[in-house]
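Raw contents of coords-v4.cif, mmCIF, C-alpha atoms and all ligand atoms:
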```cif
data_query
loop_
_atom_site.label_atom_id
_atom_site.label_comp_id
_atom_site.auth_asym_id
_atom_site.auth_seq_id
_atom_site.Cartn_x
_atom_site.Cartn_y
_atom_site.Cartn_z
CA MET Q 1 0.00 0.00 0.00
CA PHE Q 2 1.47 3.35 -1.02
CA GLN Q 3 0.52 6.58 0.57
CA LYS Q 4 -0.44 9.56 -1.44
CA VAL Q 5 2.38 12.04 -1.36
CA TYR Q 6 2.17 15.78 -1.88
CA PHE Q 7 5.12 17.78 -3.03
CA PRO Q 8 6.14 21.25 -1.96
CA LYS Q 9 5.24 24.11 -4.24
CA GLU Q 10 7.27 25.15 -7.24
CA ASN Q 11 9.00 28.38 -6.25
CA TYR Q 12 11.05 27.02 -3.39
CA THR Q 13 11.20 23.50 -4.44
CA SER Q 14 11.83 23.33 -8.14
CA GLY Q 15 14.79 21.18 -7.36
CA ILE Q 16 12.84 18.67 -5.40
CA ARG Q 17 13.79 15.34 -6.69
CA HIS Q 18 11.06 13.61 -4.86
CA CYS Q 19 9.42 13.67 -1.54
CA LEU Q 20 11.05 10.46 -1.17
CA TYR Q 21 8.87 7.99 0.41
CA GLN Q 22 10.88 5.03 -0.53
CA GLN Q 23 8.40 3.06 -2.44
CA LEU Q 24 9.18 -0.45 -1.54
CA ARG Q 25 8.51 -1.27 2.01
CA ARG Q 26 11.38 -3.25 3.30
CA GLU Q 27 10.91 -6.26 5.40
CA SER Q 28 11.08 -5.18 9.00
CA HIS Q 29 12.23 -7.33 11.87
CA ALA Q 30 11.09 -4.85 14.46
CA ALA Q 31 7.86 -5.20 16.40
CA ASN Q 32 6.27 -2.44 14.36
CA ALA Q 33 6.58 -4.07 10.99
CA ASN Q 34 3.79 -1.96 9.54
CA PHE Q 35 5.68 1.29 9.91
CA ASP Q 36 8.13 2.61 7.36
CA PHE Q 37 11.16 3.75 9.28
CA ASP Q 38 12.99 4.39 6.04
CA LYS Q 39 10.88 7.27 4.71
CA ILE Q 40 13.01 10.24 3.89
CA LEU Q 41 11.99 13.78 3.06
CA SER Q 42 14.16 15.31 0.44
CA PHE Q 43 14.11 18.92 -0.62
CA LYS Q 44 16.21 21.68 -2.09
CA ILE Q 45 17.55 24.55 -0.03
CA PRO Q 46 18.17 27.73 -2.08
CA LYS Q 47 21.79 28.42 -2.95
CA GLU Q 48 22.80 24.90 -1.99
CA SER Q 49 23.68 22.41 -4.61
CA ASN Q 50 22.73 19.20 -2.88
CA ASN Q 51 19.30 18.14 -1.77
CA PHE Q 52 18.68 18.00 1.95
CA HIS Q 53 17.54 14.62 3.26
CA VAL Q 54 15.97 13.88 6.61
CA HIS Q 55 14.08 10.87 7.92
CA ALA Q 56 10.41 11.41 8.74
CA VAL Q 57 10.69 9.47 11.99
CA TRP Q 58 13.57 11.65 13.20
CA LEU Q 59 11.50 14.76 12.45
CA ARG Q 60 8.47 13.52 14.33
CA HIS Q 61 10.66 12.53 17.26
CA HIS Q 62 12.05 16.07 17.32
CA CYS Q 63 8.82 18.05 16.99
CA GLN Q 64 9.02 20.81 19.56
CA CYS Q 65 5.43 22.00 19.51
CA GLN Q 66 3.56 22.37 22.78
CA LYS Q 67 1.92 18.97 22.36
CA CYS Q 68 5.14 17.08 21.74
CA TYR Q 69 7.55 18.93 23.99
CA ASN Q 70 6.97 20.23 27.48
CA HIS Q 71 8.71 23.60 27.43
CA ARG Q 72 8.45 23.92 31.21
CA THR Q 73 10.27 20.67 31.99
CA HIS Q 74 12.18 20.43 28.68
CA GLN Q 75 10.97 16.86 28.32
CA ARG Q 76 9.57 15.00 25.36
CA VAL Q 77 5.99 13.87 25.64
CA HIS Q 78 6.15 10.90 23.28
CA ILE Q 79 7.94 7.67 23.95
CA PRO Q 80 9.47 5.78 21.00
CA SER Q 81 6.52 3.36 20.89
CA HIS Q 82 4.27 6.25 19.85
CA LEU Q 83 6.40 7.05 16.82
CA SER Q 84 5.23 4.06 14.87
CA GLN Q 85 1.69 5.41 14.89
CA ILE Q 86 2.33 9.10 14.32
CA SER Q 87 5.27 9.39 11.94
CA SER Q 88 3.61 9.08 8.54
CA VAL Q 89 3.73 12.29 6.53
CA LYS Q 90 0.57 13.40 4.75
CA LYS Q 91 2.10 16.49 3.24
CA PHE Q 92 5.10 18.70 3.57
CA THR Q 93 5.95 22.14 2.29
CA VAL Q 94 9.12 24.18 2.44
CA LYS Q 95 8.73 27.93 2.48
CA ASN Q 96 10.43 30.98 3.97
CA LYS Q 97 13.11 28.98 5.74
CA GLN Q 98 10.56 26.69 7.30
CA CYS Q 99 9.65 23.10 6.70
CA LEU Q 100 6.00 22.41 7.56
CA ILE Q 101 4.87 18.82 7.93
CA ASP Q 102 1.33 17.53 8.24
CA TRP Q 103 1.27 14.12 9.89
CA ASN Q 104 -1.22 11.31 9.68
CA ASP Q 105 -2.56 12.04 13.18
CA ASP Q 106 -3.71 15.56 12.16
CA HIS Q 107 -0.68 17.08 13.74
CA THR Q 108 1.56 19.74 12.20
CA SER Q 109 5.24 20.28 12.88
CA VAL Q 110 7.27 23.31 11.90
CA PHE Q 111 11.04 23.17 11.61
CA ASN Q 112 13.40 26.02 10.89
CA ILE Q 113 15.65 25.04 8.01
CA ASP Q 114 18.78 26.41 9.67
CA TRP Q 115 18.00 24.40 12.79
CA LEU Q 116 17.51 21.31 10.66
CA ARG Q 117 20.76 21.87 8.86
CA ALA Q 118 22.60 22.16 12.20
CA ASN Q 119 20.93 19.24 13.95
CA ALA Q 120 19.54 16.67 11.53
CA PRO Q 121 21.56 13.46 11.13
CA LYS Q 122 24.45 13.79 8.76
CA SER Q 123 25.97 11.25 6.51
CA LEU Q 124 29.03 9.44 7.77
CA ALA Q 125 30.69 10.36 4.53
CA GLY Q 126 30.54 14.02 5.51
CA LEU Q 127 31.78 13.63 9.07
CA SER Q 128 35.26 13.52 10.44
CA ALA Q 129 36.24 10.50 12.44
CA SER Q 130 36.75 12.58 15.56
CA THR Q 131 33.04 13.43 15.76
CA LEU Q 132 32.10 9.78 15.66
CA PRO Q 133 34.37 7.99 18.08
CA ILE Q 134 32.27 4.85 18.08
CA LEU Q 135 32.39 4.52 14.36
CA GLU Q 136 35.71 6.15 13.82
CA GLU Q 137 36.88 3.68 11.28
CA ASN Q 138 33.55 3.61 9.57
CA GLN Q 139 33.55 -0.11 9.66
CA GLY Q 140 30.03 -0.81 10.77
CA PHE Q 141 28.98 -2.42 13.96
CA HIS Q 142 29.82 -6.01 13.37
CA GLN Q 143 33.46 -5.23 12.92
CA GLN Q 144 33.54 -2.91 15.91
CA LEU Q 145 31.96 -5.20 18.41
CA SER Q 146 31.61 -8.82 18.96
CA TYR Q 147 29.80 -9.39 22.20
CA ASN Q 148 29.84 -12.80 23.63
CA TYR Q 149 26.15 -12.79 24.33
CA LYS Q 150 26.20 -15.67 26.75
CA LYS Q 151 28.88 -13.91 28.75
CA CYS Q 152 27.03 -10.60 28.73
CA PHE Q 153 24.28 -12.06 30.85
CA GLU Q 154 26.15 -14.66 32.87
CA SER Q 155 25.28 -13.15 36.24
CA VAL Q 156 21.74 -12.02 35.53
CA GLY Q 157 19.26 -13.72 37.86
CA SER Q 158 15.75 -14.80 37.01
CA ILE Q 159 12.58 -12.77 37.34
CA LEU Q 160 10.27 -12.96 40.31
CA ASN Q 161 6.58 -13.56 39.80
CA ASP Q 162 5.68 -11.53 42.84
CA PRO Q 163 7.99 -8.77 44.06
CA LEU Q 164 6.69 -9.24 47.58
CA GLU Q 165 8.21 -12.74 47.72
CA ILE Q 166 11.50 -11.18 48.71
CA ALA Q 167 10.24 -8.62 51.24
CA ILE Q 168 11.79 -8.50 54.67
CA HIS Q 169 9.75 -7.33 57.65
CA PHE Q 170 10.76 -3.98 59.08
CA ASP Q 171 11.34 -5.45 62.57
CA GLU Q 172 13.71 -8.09 61.19
CA PHE Q 173 15.48 -5.55 59.05
CA MET Q 174 16.11 -3.14 61.91
CA LYS Q 175 17.53 -5.70 64.34
CA VAL Q 176 21.06 -5.01 65.53
CA GLY Q 177 23.61 -6.43 63.12
CA ASN Q 178 23.79 -6.81 59.39
CA ASP Q 179 21.41 -9.69 58.66
CA GLY Q 180 18.62 -7.39 57.50
CA VAL Q 181 20.80 -5.40 55.13
CA THR Q 182 22.41 -8.61 53.86
CA HIS Q 183 18.96 -10.01 53.05
CA LEU Q 184 17.92 -6.80 51.29
CA LEU Q 185 21.07 -6.23 49.24
CA SER Q 186 21.43 -9.85 48.19
CA ASN Q 187 17.98 -9.51 46.61
CA VAL Q 188 18.95 -6.26 44.93
CA LEU Q 189 22.01 -7.98 43.47
CA ARG Q 190 20.05 -10.99 42.35
CA TYR Q 191 16.77 -9.52 41.15
CA GLY Q 192 17.45 -5.82 40.76
CA TYR Q 193 15.31 -4.78 43.71
CA GLY Q 194 14.58 -5.45 47.36
CA ILE Q 195 11.75 -4.55 49.73
CA VAL Q 196 11.41 -3.71 53.40
CA ASN Q 197 7.78 -4.18 54.43
CA GLN Q 198 5.60 -3.07 57.36
CA CYS Q 199 7.68 0.05 57.88
CA PRO Q 200 5.89 2.77 59.86
CA PRO Q 201 4.77 5.24 57.16
CA ASP Q 202 6.65 8.32 58.20
CA PHE Q 203 9.64 10.15 56.81
CA GLU Q 204 11.87 9.87 59.89
CA THR Q 205 11.56 6.09 60.15
CA THR Q 206 12.15 5.72 56.43
CA LYS Q 207 15.40 7.68 56.82
CA LYS Q 208 16.52 5.17 59.46
CA VAL Q 209 15.81 2.28 57.08
CA ILE Q 210 17.86 3.94 54.34
CA LEU Q 211 20.71 4.86 56.66
CA LYS Q 212 21.00 1.24 57.74
CA VAL Q 213 22.06 0.52 54.14
CA SER Q 214 24.22 3.57 53.46
CA HIS Q 215 24.25 7.34 53.47
CA PRO Q 216 22.13 9.01 50.79
CA GLN Q 217 23.56 10.63 47.68
CA ASN Q 218 23.05 14.36 47.77
CA THR Q 219 21.66 15.63 44.46
CA ILE Q 220 19.56 18.57 43.29
CA TYR Q 221 16.62 16.65 44.77
CA GLY Q 222 18.23 16.76 48.20
CA ASP Q 223 19.62 13.86 50.22
CA PHE Q 224 16.38 12.57 51.68
CA SER Q 225 13.38 13.97 49.92
CA GLU Q 226 9.60 14.07 50.05
CA TRP Q 227 7.46 14.81 47.03
CA THR Q 228 3.90 15.13 45.78
CA SER Q 229 2.46 16.28 42.42
CA ASN Q 230 3.51 19.88 42.99
CA LEU Q 231 6.04 20.19 40.15
CA ALA Q 232 8.73 21.12 42.64
CA HIS Q 233 11.26 20.04 40.04
CA ALA Q 234 11.14 20.25 36.26
CA ASP Q 235 10.20 16.61 35.77
CA THR Q 236 7.04 14.62 35.03
CA ALA Q 237 7.68 12.55 38.16
CA TYR Q 238 6.44 15.58 40.07
CA THR Q 239 3.03 15.53 38.33
CA SER Q 240 0.12 13.06 38.52
CA ASP Q 241 0.53 12.17 34.81
CA VAL Q 242 1.57 8.74 33.60
CA VAL Q 243 5.33 8.20 33.82
CA HIS Q 244 6.66 5.77 31.21
CA MET Q 245 9.40 3.23 31.86
CA HIS Q 246 12.77 4.82 32.55
CA THR Q 247 15.87 4.82 34.65
CA ASP Q 248 16.55 7.87 36.81
CA THR Q 249 19.15 10.56 36.22
CA SER Q 250 20.02 9.39 32.71
CA TYR Q 251 21.44 12.90 32.30
CA PHE Q 252 24.04 12.46 35.08
CA THR Q 253 27.56 11.54 34.07
CA GLU Q 254 27.09 8.64 36.46
CA PRO Q 255 23.41 7.83 37.04
CA ILE Q 256 22.43 7.24 40.65
CA GLY Q 257 22.85 3.69 41.92
CA LEU Q 258 19.97 2.73 44.19
CA GLN Q 259 16.63 4.44 44.27
CA ILE Q 260 14.47 4.16 47.38
CA PHE Q 261 10.73 4.89 47.41
CA HIS Q 262 8.22 4.89 50.24
CA CYS Q 263 4.63 6.01 49.58
CA LEU Q 264 3.51 7.52 52.88
CA GLN Q 265 -0.02 8.34 51.84
CA HIS Q 266 -2.30 8.07 48.82
CA ASN Q 267 -5.94 9.09 48.96
CA GLY Q 268 -7.14 8.32 45.43
CA SER Q 269 -6.89 5.79 42.63
CA GLY Q 270 -4.18 4.74 40.15
CA GLY Q 271 -0.53 5.36 40.88
CA LEU Q 272 0.55 1.78 40.33
CA ASN Q 273 4.29 1.43 39.94
CA SER Q 274 5.66 -0.66 37.09
CA LEU Q 275 9.00 -2.41 37.15
CA VAL Q 276 10.92 -4.00 34.29
CA ASP Q 277 14.16 -5.89 34.52
CA GLY Q 278 16.18 -4.09 31.87
CA PHE Q 279 18.80 -6.84 31.74
CA GLN Q 280 16.16 -9.40 30.82
CA ILE Q 281 14.89 -7.13 28.05
CA ALA Q 282 18.46 -6.62 26.81
CA LYS Q 283 18.97 -10.36 26.85
CA GLN Q 284 15.82 -10.86 24.78
CA ILE Q 285 16.96 -8.28 22.23
CA ALA Q 286 20.43 -9.85 22.02
CA ARG Q 287 18.81 -13.20 21.35
CA GLU Q 288 16.29 -11.95 18.77
CA ASN Q 289 18.21 -9.29 16.92
CA GLN Q 290 21.94 -9.03 17.41
CA GLU Q 291 22.30 -5.97 15.23
CA SER Q 292 19.71 -4.13 17.27
CA TYR Q 293 21.56 -5.05 20.45
CA GLU Q 294 24.81 -3.74 19.04
CA LEU Q 295 23.21 -0.50 17.91
CA LEU Q 296 21.83 0.12 21.38
CA SER Q 297 25.24 -0.75 22.79
CA THR Q 298 27.17 1.63 20.56
CA LEU Q 299 25.04 4.59 19.47
CA ARG Q 300 25.00 7.23 22.14
CA ILE Q 301 21.79 8.95 23.12
CA PRO Q 302 22.16 12.42 24.65
CA SER Q 303 20.06 13.03 27.77
CA GLN Q 304 19.30 16.32 29.41
CA TYR Q 305 17.74 17.90 32.46
CA VAL Q 306 17.10 21.60 32.11
CA ASP Q 307 15.58 23.77 34.79
CA ASP Q 308 15.88 27.25 33.34
CA GLY Q 309 18.41 29.39 35.14
CA LYS Q 310 19.13 26.69 37.73
CA HIS Q 311 20.39 23.45 36.26
CA HIS Q 312 21.53 22.04 32.95
CA PHE Q 313 22.65 18.43 33.12
CA HIS Q 314 23.74 16.64 29.98
CA SER Q 315 25.22 13.25 29.27
CA ASN Q 316 25.83 11.34 26.08
CA ASP Q 317 26.00 7.61 26.50
CA VAL Q 318 24.84 4.28 25.15
CA THR Q 319 21.66 2.52 26.24
CA PHE Q 320 23.30 -0.82 27.07
CA ALA Q 321 26.72 -0.35 28.67
CA HIS Q 322 29.16 -3.17 29.41
CA ASP Q 323 31.88 -3.64 31.94
CA SER Q 324 35.12 -3.08 30.07
CA SER Q 325 36.95 -6.01 31.61
CA SER Q 326 34.30 -8.71 31.98
CA ASN Q 327 32.23 -7.61 28.97
CA GLN Q 328 29.08 -8.29 30.98
CA ILE Q 329 26.15 -5.96 30.71
CA GLN Q 330 26.49 -3.41 33.47
CA LYS Q 331 24.06 -0.57 32.98
CA ILE Q 332 20.90 0.43 31.18
CA ARG Q 333 20.47 4.12 30.70
CA TYR Q 334 17.07 4.99 29.29
CA ASN Q 335 14.62 7.82 29.74
CA PRO Q 336 12.63 8.68 26.61
CA HIS Q 337 11.37 11.93 28.13
CA ASP Q 338 14.86 13.28 28.73
CA VAL Q 339 16.36 12.62 25.31
CA ALA Q 340 18.09 15.70 23.90
CA VAL Q 341 18.50 16.41 20.18
CA LEU Q 342 19.87 13.34 18.40
CA LYS Q 343 22.22 15.32 16.22
CA ASP Q 344 25.16 12.93 16.17
CA LEU Q 345 23.12 10.03 14.91
CA PRO Q 346 24.68 9.02 11.60
CA PHE Q 347 22.22 9.37 8.75
CA GLU Q 348 23.00 5.86 7.57
CA HIS Q 349 21.88 4.38 10.90
CA VAL Q 350 18.70 6.36 11.47
CA GLU Q 351 16.33 3.73 10.14
CA LYS Q 352 17.83 0.82 12.07
CA PHE Q 353 18.35 2.90 15.16
CA TYR Q 354 14.69 3.92 15.34
CA LYS Q 355 13.56 0.36 14.68
CA SER Q 356 15.71 -0.72 17.59
CA LEU Q 357 14.57 2.09 19.85
CA VAL Q 358 10.87 1.51 19.12
CA ASN Q 359 11.29 -2.21 19.65
CA LEU Q 360 13.01 -1.57 22.98
CA SER Q 361 10.25 0.83 24.00
CA ASP Q 362 7.56 -1.69 23.02
CA LEU Q 363 9.21 -4.41 25.07
CA LEU Q 364 9.65 -2.19 28.10
CA GLU Q 365 6.07 -0.98 28.07
CA SER Q 366 4.47 -4.32 27.27
CA ALA Q 367 5.09 -6.52 30.26
CA PRO Q 368 6.03 -4.69 33.42
CA GLN Q 369 5.48 -6.13 36.85
CA THR Q 370 3.22 -3.81 38.77
CA ILE Q 371 3.39 -3.05 42.42
CA LYS Q 372 1.29 -0.73 44.52
CA LEU Q 373 3.56 1.31 46.72
CA SER Q 374 1.28 1.26 49.71
CA PRO Q 375 2.29 2.82 53.02
CA GLY Q 376 4.75 0.55 54.81
CA LEU Q 377 6.49 -0.79 51.69
CA VAL Q 378 9.99 0.59 51.13
CA LEU Q 379 11.29 -0.31 47.68
CA PHE Q 380 15.01 -0.37 46.82
CA LEU Q 381 15.71 -0.42 43.05
CA ASP Q 382 18.98 -0.96 41.22
CA ASN Q 383 18.73 2.01 38.86
CA TRP Q 384 21.41 0.58 36.57
CA ARG Q 385 19.27 -2.45 35.87
CA VAL Q 386 15.57 -2.03 36.67
CA LEU Q 387 13.38 0.49 34.88
CA HIS Q 388 10.37 1.94 36.60
CA GLY Q 389 7.25 3.81 35.64
CA ARG Q 390 3.92 4.75 37.12
CA THR Q 391 0.31 4.92 36.00
CA ALA Q 392 -1.53 8.23 36.31
CA TYR Q 393 -3.30 8.79 39.58
CA THR Q 394 -5.95 10.86 41.24
CA GLY Q 395 -5.98 12.35 44.70
CA PHE Q 396 -3.19 13.25 47.06
CA ARG Q 397 -0.07 11.10 46.93
CA HIS Q 398 2.87 11.71 49.22
CA LEU Q 399 6.18 9.89 48.84
CA CYS Q 400 9.58 10.05 50.39
CA GLY Q 401 12.87 8.43 49.53
CA ALA Q 402 16.49 8.90 48.60
CA TYR Q 403 19.23 7.84 46.23
CA ILE Q 404 22.35 5.89 47.14
CA SER Q 405 25.31 6.09 44.78
CA ARG Q 406 26.45 3.00 42.91
CA SER Q 407 29.88 3.23 44.57
CA ASP Q 408 28.34 3.29 48.04
CA TRP Q 409 25.91 0.44 47.75
CA LEU Q 410 28.40 -1.84 45.99
CA SER Q 411 30.97 -1.04 48.68
CA ARG Q 412 28.43 -2.22 51.25
CA THR Q 413 27.81 -5.47 49.34
CA ARG Q 414 31.56 -6.20 49.22
CA VAL Q 415 31.99 -5.58 52.94
CA LEU Q 416 29.03 -7.88 53.62
CA GLY Q 417 30.66 -10.56 51.49
CA LEU Q 418 27.90 -10.52 48.87
CA LEU Q 419 29.98 -9.36 45.95
CA ASN Q 420 33.35 -10.55 44.83
CA ASP Q 421 33.82 -8.71 41.57
CA PHE Q 422 37.53 -8.15 41.30
FE FE H 501 11.92 7.91 38.17
ZN ZN H 502 4.33 18.25 17.73
#
```

What is this structure when it is put down as structure tokens?
Amino acid sequence: MFQKVYFPKENYTSGIRHCLYQQLRRESHAANANFDFDKILSFKIPKESNNFHVHAVWLRHHCQCQKCYNHRTHQRVHIPSHLSQISSVKKFTVKNKQCLIDWNDDHTSVFNIDWLRANAPKSLAGLSASTLPILEENQGFHQQLSYNYKKCFESVGSILNDPLEIAIHFDEFMKVGNDGVTHLLSNVLRYGYGIVNQCPPDFETTKKVILKVSHPQNTIYGDFSEWTSNLAHADTAYTSDVVHMHTDTSYFTEPIGLQIFHCLQHNGSGGLNSLVDGFQIAKQIARENQESYELLSTLRIPSQYVDDGKHHFHSNDVTFAHDSSSNQIQKIRYNPHDVAVLKDLPFEHVEKFYKSLVNLSDLLESAPQTIKLSPGLVLFLDNWRVLHGRTAYTGFRHLCGAYISRSDWLSRTRVLGLLNDF
């Protein structure tokens, strides 16, 4: 099935070769096989000899209108899974230094041509090696990497059917000695999370639980913090809206290690927390599509946190990171809301990259374990492995918690004899 394609008007676009919807749909191995990731808009810019090419999916991902981009939090609204439904172009026109695109979901995007020229993916042929360290020899991924997939996941434990299976009672946890912490952290190492249950639902007691593990990491969110839907920080986590699957602080040079949540009060409905073992998802991708796994292990995705006039965090790293000596998977860094402009994405890899990203997003959103953070349940998550999200909620919801750095919680596991990693 071919879509009807409209071409920009004559005056600006006499050189338009074609609004190039590549006419033969290629066989797709991604979950969204009905979407054409390879559609490219091609148009002429005055006084330039070559046509300008840009993928439709990249454009839709980068729409910065009020509906697609939250200009208060500087976060994207759409997750990659949405792109497969909303990235078909009905019409595009180029006029007065602007590219206007009408999409199949009755949405219109406007891009400044100069901005596009500065930020849209460029061909590897036109880039110097120094700007593409991962692909510096332009050899393609298979020659750059050869993961031993079995080894990547050697230490990854199985999934629990019920997160509460591993909970430890507050009274047991707080007993003098290290048995409680040993129980908790051995579960975090094995499953990616641990739970202390029946904790009195107040902030001060929760602090004591956290301090029994380690001291908190002080960040812009504080050391220990309480939050509700008051938008105290420029992040969707501080609203009652749905929060899609993500890891925290993807924009830090080193994302936080453990995340601790305790819901002290919720008078309303919704607000279920979702958990996904990112290592299991990575393992599935490695098994089903090696090229996709390698793309997500080599192409860097820039992440940002911008709070105007206060903070501007930025990092540029891969989604699946591996320990350099053991080659085992070590970290998943993923927050679709915090993705900055993908301007270093090589043009040649755009199609496969978006297939991989949408597939990852589909897998993450499709089968999370859900857990209701009711008062008394203190959840410890390994933020380098487990992704979390939350359904929308109504009413008043009050949480408290903290972060513990990766260095600190792993130090504790070594002292307790749980980890022997060197
Ligand atoms: Fe979060
Ligand atoms: Zn938009």

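Using all atoms listed in the file, the smallest distance between any of Q:Asn316, Q:Ser42, Q:Ser297, Q:Asn359 and Ile329 in chain Q comes from Q:Ser297.
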
Please identify all protein, DNA and RNA residues within 8 Å of ligand ZN 502 (chain H), counting all atoms listed in the file, and report them as a compact mmCIF listing (two decimals) with C-alpha atoms, in the frame of the given file.
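Dumped to out_33.txt:
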```txt
# COMPACT_ATOMS: atom_id res chain seq x y z
CA ARG Q 60 8.47 13.52 14.33
CA CYS Q 63 8.82 18.05 16.99
CA GLN Q 64 9.02 20.81 19.56
CA CYS Q 65 5.43 22.00 19.51
CA GLN Q 66 3.56 22.37 22.78
CA LYS Q 67 1.92 18.97 22.36
CA CYS Q 68 5.14 17.08 21.74
CA TYR Q 69 7.55 18.93 23.99
CA HIS Q 107 -0.68 17.08 13.74
CA THR Q 108 1.56 19.74 12.20
CA SER Q 109 5.24 20.28 12.88
```

Self-check item: Nearest to Asp202 in chain Q by atom-to-atom distance, counting all atoms listed in the file, from Q:Val350, Q:Cys263, Q:Ile101, Q:Val89
Solution: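 Distance minimum relative to Asp202 in chain Q lands on Q:Cys263.
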
Contact check, chain Q to ligand FE 501 (chain H), at most 10 Å, counting all atoms listed in the file, closest pairs as CSV:
```
residue,atom,partner,partner_atom,distance
Q:Asp235,CA,H:FE501,FE,9.2
Q:Thr236,CA,H:FE501,FE,8.9
Q:Ala237,CA,H:FE501,FE,6.3
Q:Tyr238,CA,H:FE501,FE,9.6
Q:Val243,CA,H:FE501,FE,7.9
Q:His244,CA,H:FE501,FE,9.0
Q:Met245,CA,H:FE501,FE,8.3
Q:His246,CA,H:FE501,FE,6.5
Q:Thr247,CA,H:FE501,FE,6.1
Q:Asp248,CA,H:FE501,FE,4.8
Q:Thr249,CA,H:FE501,FE,7.9
Q:Ser250,CA,H:FE501,FE,9.9
Q:Gln259,CA,H:FE501,FE,8.5
Q:Phe261,CA,H:FE501,FE,9.8
Q:Asn335,CA,H:FE501,FE,8.9
Q:Asn383,CA,H:FE501,FE,9.0
Q:Leu387,CA,H:FE501,FE,8.2
Q:His388,CA,H:FE501,FE,6.4
Q:Gly389,CA,H:FE501,FE,6.7
Q:Arg390,CA,H:FE501,FE,8.7
```

Taking all atoms of range 300-309 of chain Q that appear in the file, build a box with edges along x, y and z, extend it by 3 Å on every side, and state its centre and edge lengths in Å to one decimal, as JSON.
```
{"center_x": 20.3, "center_y": 18.3, "center_z": 28.6, "size_x": 15.4, "size_y": 28.2, "size_z": 19.0}
```

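The spacing separating CA of Pro346 in chain Q from CA of Arg117 in chain Q amounts to 13.7 Å.
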
Practice problem: Write out as a PyMOL selection string which residues come within 9 Å of range 268-273 of chain Q when counting all atoms listed in the file, dropping same-chain ones fewer than 2 positions away. | Solution: chain Q and resi 240+242+266+275+369-373+388-397

Exercise. Using all atoms listed in the file, find the one residue out of Q:His78, Q:His311, Q:His262, Q:Arg385 that sits nearest to Tyr221 in chain Q.
Key: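 Under the stated criterion, the closest residue is Q:His311.
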
Quiz item: Of the candidates Q:Lys212, Q:Glu172, Q:Gln280, Q:Gly401, which shows the shortest atom-to-atom distance to Phe224 in chain Q, using all atoms listed in the file?
Solution: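 Looking only at the distances to Phe224 in chain Q, the closest residue turns out to be Q:Gly401.
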
Self-check item: Nearest-residue call for Gln290 in chain Q, choices Q:Lys352, Q:Lys44, Q:Asn112, Q:Tyr334, using only C-alpha atoms
Solution: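 Residue with the minimum atom-to-atom distance to Gln290 in chain Q: Q:Lys352.
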
Exercise. Between Q:Pro121, Q:Ile281, Q:Asp38, Q:Ile45, single out the one closest to His62 in chain Q, counting only C-alpha atoms.
Key: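 Nearest to His62 in chain Q: Q:Pro121.
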
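Excluding Lys331 in chain Q and any residue on its chain fewer than 6 positions from it, the residues at most 9 Å away by all atoms listed in the file are Gly278, Phe279, Thr319, Phe320, Ala321, His322, Asp323, Asn383, Trp384 and Arg385 of chain Q.
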
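One distance worth recording is that between CA of Asp241 in chain Q and CA of Tyr193 in chain Q, which is 24.2 Å.
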
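From CA of Ile168 in chain Q back to CA of Phe422 in chain Q, the distance works out to 29.0 Å.
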
Quiz prompt | Expected answer as a PyMOL selection string: all residues with atoms within 8 Å of (25.3, 11.2, 19.5), only C-alpha atoms | solution = chain Q and resi 132+299-302+316-317+342-345

Could I see range 180-189 of chain Q restored to N, CA and C atoms, set down as a short mmCIF file (atom, residue, chain, number, x, y, z; two decimals), in the frame of the given file?
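Heads up, here's the output in selection_14.cif:
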```
data_model
loop_
_atom_site.label_atom_id
_atom_site.label_comp_id
_atom_site.auth_asym_id
_atom_site.auth_seq_id
_atom_site.Cartn_x
_atom_site.Cartn_y
_atom_site.Cartn_z
N GLY Q 180 19.69 -8.03 58.27
CA GLY Q 180 18.62 -7.39 57.50
C GLY Q 180 19.14 -6.78 56.21
N VAL Q 181 20.23 -6.05 56.32
CA VAL Q 181 20.80 -5.40 55.13
C VAL Q 181 21.33 -6.47 54.16
N THR Q 182 21.91 -7.53 54.72
CA THR Q 182 22.41 -8.61 53.86
C THR Q 182 21.25 -9.22 53.05
N HIS Q 183 20.14 -9.47 53.74
CA HIS Q 183 18.96 -10.01 53.05
C HIS Q 183 18.53 -9.05 51.93
N LEU Q 184 18.41 -7.80 52.26
CA LEU Q 184 17.92 -6.80 51.29
C LEU Q 184 18.86 -6.69 50.09
N LEU Q 185 20.15 -6.49 50.35
CA LEU Q 185 21.07 -6.23 49.24
C LEU Q 185 21.35 -7.48 48.41
N SER Q 186 21.24 -8.65 49.02
CA SER Q 186 21.43 -9.85 48.19
C SER Q 186 20.28 -9.96 47.18
N ASN Q 187 19.09 -9.53 47.57
CA ASN Q 187 17.98 -9.51 46.61
C ASN Q 187 18.18 -8.45 45.54
N VAL Q 188 18.70 -7.31 45.94
CA VAL Q 188 18.95 -6.26 44.93
C VAL Q 188 19.97 -6.76 43.91
N LEU Q 189 21.00 -7.44 44.40
CA LEU Q 189 22.01 -7.98 43.47
C LEU Q 189 21.41 -9.04 42.55
#
```
